[in-house]
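> Sending over coords_32.csv (CSV, C-alpha atoms and all ligand atoms).
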chain,number,residue,atom,x,y,z
A,544,MET,CA,-16.2,-16.0,-6.9
A,545,ASP,CA,-14.7,-19.3,-6.0
A,546,SER,CA,-11.9,-18.9,-8.5
A,547,CYS,CA,-11.2,-15.6,-7.0
A,548,ILE,CA,-10.9,-17.0,-3.5
A,549,GLU,CA,-8.7,-19.8,-4.8
A,550,VAL,CA,-6.4,-17.4,-6.6
A,551,GLY,CA,-6.3,-15.3,-3.5
A,552,LYS,CA,-5.2,-18.2,-1.5
A,553,ARG,CA,-2.7,-19.4,-4.0
A,554,ILE,CA,-0.9,-16.0,-4.1
A,555,GLN,CA,-0.6,-15.6,-0.3
A,556,PRO,CA,3.1,-14.8,0.2
A,557,THR,CA,4.8,-16.8,2.9
A,558,GLY,CA,7.0,-14.1,4.4
A,559,LEU,CA,5.7,-10.9,6.1
A,560,SER,CA,7.3,-8.1,4.2
A,561,TYR,CA,5.2,-5.2,5.2
A,562,PRO,CA,6.0,-2.4,6.2
A,563,ASN,CA,7.8,-2.2,2.9
A,564,LYS,CA,10.4,0.5,3.5
A,565,ALA,CA,10.4,1.7,-0.1
A,566,LEU,CA,6.6,2.1,0.0
A,567,LEU,CA,6.8,3.9,3.3
A,568,MET,CA,9.4,6.4,2.0
A,569,ARG,CA,7.3,6.9,-1.2
A,570,LEU,CA,4.2,7.6,1.0
A,571,LEU,CA,6.1,9.9,3.3
A,572,SER,CA,7.3,12.0,0.3
A,573,SER,CA,3.8,12.4,-1.0
A,574,ARG,CA,0.8,14.6,-0.1
A,575,PRO,CA,-0.1,15.5,3.5
A,576,VAL,CA,-2.9,13.0,3.9
A,577,LEU,CA,-0.7,10.3,2.6
A,578,GLN,CA,1.9,11.2,5.1
A,579,GLY,CA,-0.8,10.8,7.7
A,580,VAL,CA,-1.5,7.3,6.5
A,581,ALA,CA,2.1,6.3,6.2
A,582,MET,CA,3.2,7.9,9.4
A,583,ASN,CA,0.2,6.5,11.1
A,584,SER,CA,1.4,3.0,10.1
A,585,ALA,CA,4.9,3.8,11.3
A,586,PHE,CA,3.7,5.3,14.5
A,587,ARG,CA,1.4,2.5,15.3
A,588,LEU,CA,4.2,0.0,14.6
A,589,ALA,CA,6.3,2.0,17.0
A,590,GLY,CA,3.6,1.5,19.5
A,591,LEU,CA,2.9,5.2,19.9
A,592,GLY,CA,-0.4,5.2,18.1
A,593,CYS,CA,-0.9,9.0,18.2
A,594,LEU,CA,-0.7,11.6,15.5
A,595,THR,CA,-1.6,15.2,15.4
A,596,ALA,CA,-4.4,16.4,13.3
A,597,ILE,CA,-3.8,16.7,9.6
A,598,VAL,CA,-5.7,19.0,7.2
A,599,ALA,CA,-6.1,17.6,3.8
A,600,SER,CA,-8.4,18.8,1.0
A,601,GLY,CA,-10.2,21.2,3.3
A,602,GLN,CA,-11.4,18.4,5.6
A,603,THR,CA,-10.2,18.0,9.1
A,604,VAL,CA,-8.7,14.6,9.7
A,605,HIS,CA,-8.7,14.0,13.4
A,606,SER,CA,-5.8,12.4,15.1
A,607,VAL,CA,-6.0,8.6,15.5
A,608,GLY,CA,-5.7,6.8,18.8
A,609,ASN,CA,-6.7,9.8,20.9
A,610,ILE,CA,-9.2,8.6,23.5
A,611,PHE,CA,-8.7,11.8,25.4
A,612,ASP,CA,-10.6,14.0,23.0
A,613,PRO,CA,-14.0,12.3,22.7
A,614,GLN,CA,-16.4,13.6,20.1
A,615,ALA,CA,-19.4,11.3,20.6
A,616,THR,CA,-21.5,10.3,23.6
A,617,PRO,CA,-20.2,6.7,24.0
A,618,ALA,CA,-16.6,7.9,23.8
A,619,GLN,CA,-17.4,10.7,26.3
A,620,SER,CA,-18.8,8.1,28.6
A,621,VAL,CA,-15.7,5.8,28.3
A,622,PHE,CA,-13.5,8.9,28.9
A,623,SER,CA,-15.3,10.0,32.0
A,624,LEU,CA,-15.2,6.5,33.4
A,625,SER,CA,-11.5,6.2,32.7
A,626,LEU,CA,-10.9,9.5,34.5
A,627,LEU,CA,-12.7,8.2,37.6
A,628,VAL,CA,-10.8,5.0,37.5
A,629,LEU,CA,-7.5,6.8,37.0
A,630,THR,CA,-8.2,9.2,39.9
A,631,ILE,CA,-9.1,6.4,42.3
A,632,CYS,CA,-6.0,4.4,41.2
A,633,ALA,CA,-3.8,7.5,41.6
A,634,ALA,CA,-5.1,8.1,45.1
A,635,ILE,CA,-4.4,4.4,46.0
A,636,PHE,CA,-0.9,4.7,44.6
A,637,LEU,CA,-0.2,8.0,46.5
A,638,VAL,CA,-1.5,6.5,49.8
A,639,VAL,CA,0.4,3.2,49.4
A,640,ALA,CA,3.6,4.8,48.1
A,641,GLY,CA,3.4,7.6,50.8
A,642,LEU,CA,3.0,5.1,53.6
A,643,LEU,CA,5.8,2.9,52.2
A,644,THR,CA,8.2,5.9,51.8
A,645,PHE,CA,7.3,7.2,55.3
A,646,THR,CA,7.9,3.7,56.8
A,647,ILE,CA,11.2,3.3,55.0
A,648,VAL,CA,12.5,6.7,56.1
A,649,ARG,CA,11.1,6.8,59.6
A,650,PHE,CA,11.8,3.2,60.7
A,651,ARG,CA,15.1,2.8,59.0
A,652,ARG,CA,17.6,0.6,60.8
A,653,LYS,CA,19.9,2.8,62.7
A,654,ALA,CA,23.7,2.2,62.9
A,655,HIS,CA,24.8,0.2,66.0
A,656,ASP,CA,21.2,-0.7,66.8
A,657,SER,CA,20.9,-4.4,66.7
A,658,ARG,CA,17.6,-4.7,68.6
A,659,GLU,CA,14.7,-6.5,66.9
A,660,PRO,CA,11.7,-4.2,66.4
A,661,ALA,CA,8.4,-5.0,68.2
A,662,GLN,CA,6.7,-7.9,66.5
A,663,VAL,CA,3.0,-7.3,66.0
A,664,TYR,CA,0.8,-10.3,65.3
A,665,GLY,CA,-2.7,-9.4,64.2
A,666,SER,CA,-4.8,-6.3,64.7
A,667,SER,CA,-8.5,-6.6,64.1
A,668,ARG,CA,-8.9,-2.9,63.4
A,669,ILE,CA,-6.2,-2.8,60.7
A,670,GLU,CA,-7.4,-6.0,59.1
A,671,ILE,CA,-11.0,-4.9,59.0
A,672,ALA,CA,-9.9,-1.6,57.5
A,673,TRP,CA,-7.8,-3.1,54.7
A,674,THR,CA,-10.5,-5.6,53.9
A,675,VAL,CA,-13.5,-3.2,53.9
A,676,ILE,CA,-11.8,-0.2,52.1
A,677,PRO,CA,-10.8,-2.2,49.0
A,678,ILE,CA,-14.2,-3.9,48.8
A,679,LEU,CA,-15.8,-0.4,48.8
A,680,ILE,CA,-13.4,0.8,46.2
A,681,VAL,CA,-14.1,-2.2,44.0
A,682,LEU,CA,-17.8,-1.8,44.5
A,683,VAL,CA,-17.7,1.9,43.5
A,684,LEU,CA,-15.7,1.0,40.3
A,685,THR,CA,-18.1,-1.9,39.5
A,686,LEU,CA,-21.2,0.2,39.9
A,687,ALA,CA,-19.7,3.1,37.9
A,688,THR,CA,-18.7,0.8,35.1
A,689,ALA,CA,-22.0,-1.0,35.1
A,690,ARG,CA,-23.8,2.3,34.8
A,691,ALA,CA,-21.7,3.4,31.9
A,692,VAL,CA,-22.0,0.1,30.1
A,693,LEU,CA,-25.8,-0.1,30.6
A,694,ALA,CA,-26.3,3.5,29.5
A,695,ILE,CA,-24.5,2.8,26.2
A,696,GLN,CA,-26.0,-0.6,25.7
A,697,ASN,CA,-29.6,0.3,26.5
A,698,LYS,CA,-29.8,3.2,24.1
A,699,ARG,CA,-32.9,2.9,22.0
A,700,ALA,CA,-32.8,3.9,18.3
A,701,SER,CA,-35.0,6.9,17.6
A,702,ALA,CA,-37.4,6.7,14.7
A,703,ASP,CA,-35.1,8.8,12.5
A,704,ALA,CA,-31.8,7.0,13.5
A,705,LEU,CA,-29.6,5.9,10.7
A,706,HIS,CA,-29.0,2.2,10.5
A,707,VAL,CA,-25.8,0.9,8.9
A,708,THR,CA,-24.5,-2.7,8.6
A,709,VAL,CA,-20.7,-3.0,8.8
A,710,ILE,CA,-19.2,-6.3,7.7
A,711,GLY,CA,-15.6,-7.1,8.6
A,712,HIS,CA,-13.5,-8.8,5.9
A,713,GLN,CA,-9.8,-9.7,5.7
A,714,TRP,CA,-8.8,-6.8,5.4
A,715,TRP,CA,-11.5,-4.2,4.6
A,716,TRP,CA,-14.8,-3.0,5.8
A,717,GLU,CA,-18.0,-3.5,3.9
A,718,ILE,CA,-20.6,-0.8,4.7
A,719,ARG,CA,-24.2,-1.2,3.8
A,720,TYR,CA,-27.0,1.4,4.3
A,721,GLY,CA,-29.9,-1.0,3.9
A,722,ASP,CA,-32.6,1.7,4.2
A,723,LEU,CA,-30.9,4.1,1.8
A,724,GLY,CA,-29.8,1.5,-0.7
A,725,VAL,CA,-26.1,2.6,-0.5
A,726,VAL,CA,-23.2,0.2,-0.4
A,727,THR,CA,-19.6,1.4,0.1
A,728,ALA,CA,-16.4,0.3,1.8
A,729,ASN,CA,-13.9,1.5,4.4
A,730,GLU,CA,-15.4,5.0,4.7
A,731,LEU,CA,-18.5,5.3,6.8
A,732,HIS,CA,-20.4,8.6,6.2
A,733,VAL,CA,-22.7,9.8,9.0
A,734,PRO,CA,-24.5,13.0,9.7
A,735,VAL,CA,-23.2,15.2,12.6
A,736,SER,CA,-25.3,15.2,15.8
A,737,THR,CA,-26.1,18.6,17.3
A,738,THR,CA,-28.2,19.6,20.3
A,739,ALA,CA,-30.7,21.1,18.0
A,740,LYS,CA,-30.8,18.1,15.7
A,741,PRO,CA,-29.4,14.9,17.4
A,742,ALA,CA,-28.4,12.3,14.8
A,743,LEU,CA,-27.8,8.8,16.0
A,744,THR,CA,-26.2,6.1,13.8
A,745,PHE,CA,-26.7,2.5,14.9
A,746,LEU,CA,-24.2,0.0,13.5
A,747,ARG,CA,-25.0,-3.7,13.0
A,748,LEU,CA,-21.6,-5.4,13.1
A,749,GLU,CA,-21.0,-8.7,11.3
A,750,SER,CA,-18.0,-10.6,10.0
A,751,ALA,CA,-17.5,-12.5,6.7
A,752,ASP,CA,-14.5,-14.5,7.9
A,753,VAL,CA,-12.7,-14.1,11.2
A,754,ALA,CA,-13.1,-11.9,14.3
A,755,HIS,CA,-12.4,-8.2,13.7
A,756,SER,CA,-13.1,-5.2,16.0
A,757,PHE,CA,-14.5,-1.8,15.0
A,758,TRP,CA,-12.7,1.0,16.8
A,759,VAL,CA,-12.7,4.7,16.2
A,760,PRO,CA,-11.3,6.0,19.5
A,761,GLN,CA,-12.9,9.4,19.4
A,762,LEU,CA,-16.3,8.1,18.7
A,763,SER,CA,-16.7,4.9,20.8
A,764,GLY,CA,-15.1,2.0,22.5
A,765,LYS,CA,-14.3,-1.1,20.6
A,766,THR,CA,-16.9,-3.6,19.5
A,767,ASP,CA,-16.0,-7.0,18.0
A,768,LEU,CA,-17.3,-8.2,14.7
A,769,ILE,CA,-17.7,-12.0,15.1
A,770,PRO,CA,-18.6,-14.6,12.5
A,771,ASN,CA,-22.2,-15.9,12.9
A,772,GLN,CA,-23.0,-13.3,15.5
A,773,ILE,CA,-24.5,-9.9,15.2
A,774,ASN,CA,-23.2,-7.2,17.5
A,775,SER,CA,-24.3,-3.6,17.6
A,776,MET,CA,-23.1,-0.2,18.7
A,777,TRP,CA,-24.1,3.4,18.1
A,778,ILE,CA,-22.4,6.7,17.6
A,779,ASP,CA,-23.5,10.3,17.6
A,780,PRO,CA,-20.4,12.3,16.4
A,781,GLN,CA,-20.7,15.9,17.5
A,782,GLN,CA,-18.0,17.4,15.3
A,783,GLU,CA,-17.7,17.4,11.5
A,784,GLY,CA,-14.6,16.0,9.9
A,785,THR,CA,-12.9,12.6,9.3
A,786,PHE,CA,-12.2,10.4,12.3
A,787,LEU,CA,-9.7,7.7,11.8
A,788,GLY,CA,-10.0,4.2,13.3
A,789,ASN,CA,-8.7,0.7,12.7
A,790,CYS,CA,-9.5,-2.9,13.3
A,791,ALA,CA,-8.6,-3.6,16.9
A,792,GLU,CA,-8.7,-7.4,16.9
A,793,TYR,CA,-5.8,-9.3,15.3
A,794,CYS,CA,-7.3,-10.8,12.1
A,795,GLY,CA,-4.3,-11.9,10.1
A,796,MET,CA,-1.4,-10.6,8.1
A,797,GLN,CA,-2.8,-7.2,7.1
A,798,HIS,CA,-4.7,-6.5,10.4
A,799,ALA,CA,-2.7,-3.3,10.9
A,800,ASN,CA,-3.7,-2.1,7.4
A,801,MET,CA,-7.4,-2.6,8.0
A,802,LEU,CA,-8.0,1.1,8.5
A,803,LEU,CA,-11.3,2.8,8.8
A,804,ARG,CA,-12.6,6.3,8.3
A,805,VAL,CA,-15.7,7.9,9.7
A,806,VAL,CA,-16.7,11.0,7.7
A,807,VAL,CA,-19.0,13.2,9.8
A,808,GLN,CA,-20.9,15.6,7.6
A,809,SER,CA,-23.5,18.3,8.0
A,810,PRO,CA,-27.1,16.9,7.3
A,811,GLY,CA,-27.1,18.7,3.9
A,812,ASP,CA,-23.7,17.3,2.9
A,813,PHE,CA,-24.7,13.8,4.0
A,814,GLU,CA,-27.9,14.0,2.0
A,815,LYS,CA,-25.9,15.0,-1.1
A,816,TRP,CA,-23.5,12.2,-0.5
A,817,VAL,CA,-26.4,9.7,-0.3
A,818,VAL,CA,-27.9,11.0,-3.5
A,819,ALA,CA,-24.5,10.7,-5.3
A,820,GLN,CA,-23.9,7.2,-3.9
A,821,LYS,CA,-27.3,5.9,-5.1
A,822,LYS,CA,-26.6,6.8,-8.7
A,823,GLU,CA,-25.6,4.0,-11.0
A,824,ALA,CA,-22.1,4.1,-12.6
A,825,SER,CA,-22.0,6.5,-15.5
A,826,ALA,CA,-22.6,4.9,-18.9
A,827,ASP,CA,-20.7,7.6,-20.9
A,828,GLN,CA,-20.0,6.5,-24.4
A,829,PRO,CA,-16.3,7.6,-24.5
A,830,LEU,CA,-15.7,5.0,-21.8
A,831,ASP,CA,-17.2,2.1,-23.8
A,832,ALA,CA,-13.8,0.5,-24.6
A,833,ALA,CA,-12.5,0.9,-21.1
A,834,ARG,CA,-15.7,-0.4,-19.6
A,835,SER,CA,-15.9,-3.5,-21.8
A,836,THR,CA,-12.2,-4.3,-21.0
A,837,PHE,CA,-13.0,-4.0,-17.3
A,838,LEU,CA,-16.2,-6.2,-17.7
A,839,SER,CA,-14.3,-8.8,-19.7
A,840,LEU,CA,-11.8,-9.4,-17.0
A,841,SER,CA,-12.3,-11.5,-13.8
A,842,CYS,CA,-12.4,-8.3,-11.7
A,843,VAL,CA,-16.2,-8.7,-12.0
A,844,SER,CA,-16.3,-12.0,-10.1
A,845,CYS,CA,-15.2,-10.1,-7.0
A,846,HIS,CA,-16.4,-6.6,-7.5
A,847,ALA,CA,-19.7,-4.9,-8.2
A,848,VAL,CA,-20.4,-1.8,-10.2
A,849,SER,CA,-24.1,-0.9,-10.2
A,850,GLY,CA,-25.7,-0.6,-13.6
A,851,THR,CA,-23.2,-3.1,-15.2
A,852,SER,CA,-22.8,-6.8,-15.2
A,853,ALA,CA,-20.2,-6.6,-12.5
A,854,SER,CA,-21.9,-8.0,-9.4
A,855,GLY,CA,-19.2,-9.8,-7.4
A,856,THR,CA,-19.6,-9.4,-3.6
A,857,PHE,CA,-16.3,-10.8,-2.5
A,858,GLY,CA,-14.4,-7.5,-2.7
A,859,PRO,CA,-15.4,-3.9,-2.2
A,860,ASP,CA,-18.2,-2.4,-4.3
A,861,LEU,CA,-16.6,-0.1,-6.9
A,862,THR,CA,-19.6,1.9,-8.1
A,863,HIS,CA,-18.3,5.1,-6.5
A,864,LEU,CA,-14.7,4.1,-5.9
A,865,MET,CA,-13.4,7.6,-6.7
A,866,SER,CA,-15.5,9.2,-4.0
A,867,ARG,CA,-13.3,7.5,-1.5
A,868,ALA,CA,-10.2,9.1,0.0
A,869,THR,CA,-8.1,5.9,0.1
A,870,LEU,CA,-7.5,2.6,-1.6
A,871,GLY,CA,-6.8,-0.8,0.0
A,872,SER,CA,-8.7,0.1,3.2
A,873,GLY,CA,-6.7,3.2,4.0
A,874,VAL,CA,-3.3,1.9,2.9
A,875,ILE,CA,-2.7,4.4,0.1
A,876,SER,CA,-4.5,7.6,-0.9
A,877,ASN,CA,-6.8,7.5,-3.8
A,878,THR,CA,-4.8,9.1,-6.7
A,879,ARG,CA,-4.6,8.0,-10.3
A,880,GLU,CA,-1.0,7.0,-9.9
A,881,ASN,CA,-1.8,5.0,-6.8
A,882,LEU,CA,-4.8,3.4,-8.4
A,883,ARG,CA,-2.7,2.2,-11.3
A,884,ALA,CA,-0.1,0.8,-9.0
A,885,TRP,CA,-2.8,-0.9,-7.0
A,886,VAL,CA,-4.5,-2.5,-10.0
A,887,LYS,CA,-1.1,-3.5,-11.4
A,888,ASP,CA,0.0,-5.4,-8.4
A,889,PRO,CA,-2.0,-5.1,-5.1
A,890,GLN,CA,0.4,-7.5,-3.5
A,891,ALA,CA,3.3,-5.1,-3.7
A,892,ILE,CA,1.3,-2.5,-1.7
A,893,LYS,CA,-0.6,-4.8,0.7
A,894,PRO,CA,1.0,-8.2,0.7
A,895,GLY,CA,-1.3,-11.1,1.4
A,896,ASN,CA,-4.5,-9.2,0.6
A,897,LEU,CA,-7.0,-11.3,-1.4
A,898,MET,CA,-6.8,-9.3,-4.6
A,899,PRO,CA,-4.4,-11.1,-6.9
A,900,ASN,CA,-2.0,-9.6,-9.4
A,901,MET,CA,-4.1,-9.9,-12.5
A,902,GLN,CA,-1.1,-9.8,-14.8
A,903,LEU,CA,-2.7,-7.2,-17.0
A,904,ASN,CA,-0.9,-6.0,-20.0
A,905,SER,CA,-0.3,-2.3,-20.2
A,906,ARG,CA,-3.2,-1.7,-22.6
A,907,GLU,CA,-5.6,-3.5,-20.2
A,908,LEU,CA,-4.1,-1.7,-17.2
A,909,ASP,CA,-4.7,1.7,-18.9
A,910,GLN,CA,-8.3,0.7,-19.8
A,911,VAL,CA,-9.1,-0.6,-16.3
A,912,VAL,CA,-7.6,2.5,-14.6
A,913,THR,CA,-9.5,4.8,-17.1
A,914,TYR,CA,-12.7,3.1,-16.3
A,915,LEU,CA,-12.2,3.0,-12.5
A,916,TRP,CA,-11.2,6.6,-12.6
A,917,SER,CA,-14.6,7.5,-14.1
A,918,LEU,CA,-16.4,5.9,-11.1
A,919,LYS,CA,-17.0,9.1,-9.2
A,1001,LIG,CU1,-9.6,-7.0,11.0
A,1001,LIG,CU2,-7.9,-6.9,12.6
Kindly transcribe the structure held in the file into structure tokens.
Ligand code: CUA


Amino acid sequence: MDSCIEVGKRIQPTGLSYPNKALLMRLLSSRPVLQGVAMNSAFRLAGLGCLTAIVASGQTVHSVGNIFDPQATPAQSVFSLSLLVLTICAAIFLVVAGLLTFTIVRFRRKAHDSREPAQVYGSSRIEIAWTVIPILIVLVLTLATARAVLAIQNKRASADALHVTVIGHQWWWEIRYGDLGVVTANELHVPVSTTAKPALTFLRLESADVAHSFWVPQLSGKTDLIPNQINSMWIDPQQEGTFLGNCAEYCGMQHANMLLRVVVQSPGDFEKWVVAQKKEASADQPLDAARSTFLSLSCVSCHAVSGTSASGTFGPDLTHLMSRATLGSGVISNTRENLRAWVKDPQAIKPGNLMPNMQLNSRELDQVVTYLWSLK
């Protein structure tokens, strides 16, 4: 593991070259979900951060950055509170701007009128009014905020709640379902919550290096992942589909490419996913050569594949890599071509990420890709 960290450090490029225009164009010319990811980067860079829903491989991918379409209780609570705050602020704006406009128009200096207007020094009534009213407004806002914060914070986990540990890394998400014995990365699968069958997912948030922040706008507000501290949050998504999120705390060079997906599934589909994820990697004989090439390389000091000698924990667990929609924490979609490009030179796709260019020859590259491709 140490050598991997050192190699990672050594190959850190000095200049920030992402977004790479060529990559962006290649992404844009590819499949719809890819366009989503690439355009998403482009949009976020442009500061727009909003994208209409994309439909890829039959699964709805909800727009990213849209806090105005909440699909879980914590997000709904944040949304309602923001509407109250916006309404009060809009009313204040209208009153102040209205009075100002009225005064400017009504008491405009008239031509040939050089008299000084009446000078008023102090009015207890007005002063009391403009002290008391703002205090009341601030009090209402404070109480409403405190109520929303406490309601979310004090939520107790029901006996059947799902508990997941999410660990932030530069620049990917480690996801551990301790009770279920499942380890994955970058794509959090949770069951949908319905009135008939509420399903709560409690997240235990940790960091392996620097501060990150877990943010899936349609599901909840942001919660930071801080080294040596355990934070928590919960979600109860009420609609199936994939919700996009991203790291919301600047955590280094590839912070913007620390993307996150929450896949909300029916209870049945979620069960199936868990069963599939718990399986060990297939030990098919035709893959023997590919597997031994993979296991002979230093990939195994950073990555784990269950049922093999690969047990590194520095990088994402690869046991079911092919069950994930993206590679590099959302930076490219998971196709064989992209997988090959990633293994060949991850630095060309996500500069600065801690996976070095392993300088594989083309035979090794073929074998590694063949093996990884079998990890369904
Ligand atoms: Cu992790 Cu920003």

> Hey, which residues come within 10 Å of ligand LIG 1001 (chain A) if we count all atoms listed in the file? Could you give them as a ChimeraX atom specification?

/A:711-716,750,752-757,767-768,789-802

> Between atom CA of A:Ser854 and atom CA of A:Ala751, what is the distance in Å, rounded to a tenth?

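About the pair atom CA of A:Ser854 and atom CA of A:Ala751: they are 17.3 Å apart.
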
> Given only C-alpha atoms as the basis, pick out the residue of A:Ala702, A:Ala618, A:Leu679, A:Ala633 nearest to A:Trp777.

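Closest residue, counting only C-alpha atoms: A:Ala618.
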
> In Å, how far is it from atom CA of A:Cys845 to atom CA of A:Asn774?

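That distance, rounded to one decimal, is 25.9 Å.
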
> Using only C-alpha atoms, what table do you get, as a Markdown table, when you list each residue of stretch 777-842 of chain A with an atom no more than 10 Å from stretch 719-723 of chain A, its nearest pair of atoms, and their distance in Å rounded to one decimal, rows by chain then rising number?


| residue | atom | partner | partner_atom | distance |
| --- | --- | --- | --- | --- |
| A:Val817 | CA | A:Leu723 | CA | 7.5 |
| A:Val818 | CA | A:Leu723 | CA | 9.2 |
| A:Gln820 | CA | A:Leu723 | CA | 9.5 |
| A:Lys821 | CA | A:Leu723 | CA | 8.0 |

> Could those residues be written to a file, using C-alpha atoms, as a PDB file, in the frame of the given file?


ATOM      1  CA  VAL A 817     -26.400   9.700  -0.300  1.00  0.00           C
ATOM      2  CA  VAL A 818     -27.900  11.000  -3.500  1.00  0.00           C
ATOM      3  CA  GLN A 820     -23.900   7.200  -3.900  1.00  0.00           C
ATOM      4  CA  LYS A 821     -27.300   5.900  -5.100  1.00  0.00           C
TER       5      LYS A 821
END

> Report the closest atom pair, with its distance in Å rounded to one decimal, for each residue of stretch 607-681 of chain A that has an atom no farther than 12 Å from stretch 725-749 of chain A; count all atoms listed in the file, sort by chain and then rising residue number, and write it as a Markdown table.


| residue | atom | partner | partner_atom | distance |
| --- | --- | --- | --- | --- |
| A:Gln614 | CA | A:Ser736 | CA | 10.0 |
| A:Ala615 | CA | A:Ser736 | CA | 8.5 |
| A:Thr616 | CA | A:Ser736 | CA | 10.0 |
| A:Pro617 | CA | A:Leu743 | CA | 11.2 |
